[in-house]
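Take a look at the structure below.
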Amino acid sequence: MIVTTVAFYLFAAITVASGFMVISAKNPVHSVLFLILAFFNAAALFLLLGAEFVALILVIVYVGAVAVLFLFVVMMLDIDFSELREGFLQYLPVGALVGLILLVELALVFGGWVIAPGAAHAGAEPVAAFGALSNTRMIGFVLYTKYVYLFQAAGMILLVAMIGAIVLTLRHRQDIKRQVIANQVGRRREDAVEMKNVEPGQGI
């Protein structure tokens with residue numbers, strides 16, 4: 001129990017510190033690296049809670065795909081840091097106002113937050129309806145039975161969003177040669193091959 005408590009506070013402290021460094025680091029590459037560190041520690045917290053499926057999804061999806069994609073995009077961008085710092089003072093009052101509003105909202109939320117007496121033991125107890133199923137099987141059972149239509153609808157929405165992003169960002173340039181399959185298939189021998197009678201000692 002003591003080891004679990006120490007591990008929880010250690011991972012939680014690193015997660016909070018990494019999240020703070022994400023928004024305070026001046027280099028975007030460093031921010032993405034701190035974001036990856038925060039994802040790993042959040043996955044460790046999920047493991048401590050017994051949600052191994054959520055922890056693995058967090059590592060595989062966010063660390064393995066999203067964060068690495070962010071890192072490559074940031075590294076490929078030609079970012080002018082001096083230009084980014086020029087408008088800092090201009091947007092400082094608006095940012096301070098937004099931060100103050102968020103601080104007041106957080107104070108209101110935590111001020112009215114009451115922890116139930118049995119909440120600490122309820123999270124670790126298995127659901128009686130699922131018997132002795134593991135965490136992953138319970139998620140799959142609920143997702144593909146009770147919420148199967150919502151799951152399929154979410155997949156369709158993501159597919160439409162992906163197609164829309166590709167259509168909006170696709171630009172056709174007229175000065176680029178493109179392959180036309182119909183022209184290649186309909187091409188005849190007379191259009192591609194020309195016989196020339198070259199006299200001796202002369203070029204083509």
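Simple scheme: letters A, B, ... for chains in structure tokens order, numbers from 1 for residues in each chain, numbers from 1 for ligands in the order shown.
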Per-residue DSSP, segment 125-187 of chain A, filtered to alpha helix (DSSP H), as a PyMOL selection string: chain A and resi 135-143+148-169+181-185
Please provide the set of residues having any atom within 8 Å of Leu71 of chain A, restricted to only C-alpha atoms, with same-chain residues fewer than 3 positions apart removed, written as an MDAnalysis selection string. chainID A and resid 29 32:33 67:68 74:75
Residues within 12 Å of Phe53 of chain A, only C-alpha atoms, excluding chain neighbours under 2 positions, as a short mmCIF file (atom, residue, chain, number, x, y, z; two decimals) with N, CA and C atoms, in the first residue's frame:
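Written output follows (part.cif):
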data_model
loop_
_atom_site.label_atom_id
_atom_site.label_comp_id
_atom_site.auth_asym_id
_atom_site.auth_seq_id
_atom_site.Cartn_x
_atom_site.Cartn_y
_atom_site.Cartn_z
N ALA A 43 -0.49 7.45 -18.21
CA ALA A 43 -0.72 6.02 -18.43
C ALA A 43 -0.34 5.21 -17.19
N ALA A 44 0.74 5.61 -16.52
CA ALA A 44 1.13 4.93 -15.28
C ALA A 44 0.07 5.10 -14.20
N PHE A 46 -3.14 5.42 -14.75
CA PHE A 46 -4.23 4.51 -15.13
C PHE A 46 -3.90 3.07 -14.76
N LEU A 47 -2.64 2.68 -14.88
CA LEU A 47 -2.25 1.33 -14.47
C LEU A 47 -2.44 1.14 -12.97
N LEU A 48 -2.14 2.16 -12.20
CA LEU A 48 -2.36 2.06 -10.75
C LEU A 48 -3.84 1.92 -10.40
N LEU A 49 -4.70 2.49 -11.24
CA LEU A 49 -6.15 2.38 -11.02
C LEU A 49 -6.72 1.06 -11.52
N GLY A 50 -5.91 0.25 -12.21
CA GLY A 50 -6.39 -1.02 -12.74
C GLY A 50 -6.99 -0.92 -14.12
N ALA A 51 -6.90 0.24 -14.76
CA ALA A 51 -7.43 0.43 -16.12
C ALA A 51 -6.30 0.25 -17.12
N ALA A 55 -4.69 2.71 -20.27
CA ALA A 55 -3.27 3.07 -20.23
C ALA A 55 -2.57 2.70 -21.53
N LEU A 56 -2.84 1.51 -22.04
CA LEU A 56 -2.21 1.09 -23.29
C LEU A 56 -2.69 1.92 -24.48
N ILE A 57 -3.98 2.25 -24.49
CA ILE A 57 -4.50 3.10 -25.56
C ILE A 57 -3.86 4.48 -25.51
N LEU A 58 -3.66 4.99 -24.30
CA LEU A 58 -3.02 6.31 -24.15
C LEU A 58 -1.61 6.29 -24.70
N VAL A 59 -0.87 5.22 -24.43
CA VAL A 59 0.51 5.13 -24.92
C VAL A 59 0.55 4.89 -26.42
N ILE A 60 -0.27 3.96 -26.91
CA ILE A 60 -0.21 3.58 -28.32
C ILE A 60 -0.73 4.70 -29.21
N VAL A 61 -1.90 5.27 -28.86
CA VAL A 61 -2.54 6.26 -29.72
C VAL A 61 -1.88 7.62 -29.58
N SER A 134 -12.37 -9.31 -17.32
CA SER A 134 -11.27 -8.36 -17.15
C SER A 134 -11.70 -6.97 -17.59
N ASN A 135 -10.81 -6.02 -17.35
CA ASN A 135 -11.12 -4.64 -17.69
C ASN A 135 -11.32 -4.46 -19.19
N THR A 136 -10.47 -5.08 -19.99
CA THR A 136 -10.57 -4.94 -21.45
C THR A 136 -11.85 -5.58 -21.98
N ARG A 137 -12.21 -6.75 -21.47
CA ARG A 137 -13.42 -7.42 -21.93
C ARG A 137 -14.67 -6.66 -21.50
N MET A 138 -14.64 -6.03 -20.33
CA MET A 138 -15.79 -5.24 -19.89
C MET A 138 -16.01 -4.05 -20.81
N ILE A 139 -14.92 -3.37 -21.18
CA ILE A 139 -15.04 -2.23 -22.10
C ILE A 139 -15.56 -2.69 -23.46
N GLY A 140 -15.01 -3.79 -23.98
CA GLY A 140 -15.48 -4.30 -25.25
C GLY A 140 -16.93 -4.74 -25.21
#
Between A:Leu108, A:Ala161, A:Ala42, A:Ala192, single out the one closest to Ser18 of chain A, counting only C-alpha atoms.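 Answer, going by the shortest atom-to-atom distance: A:Ala42.
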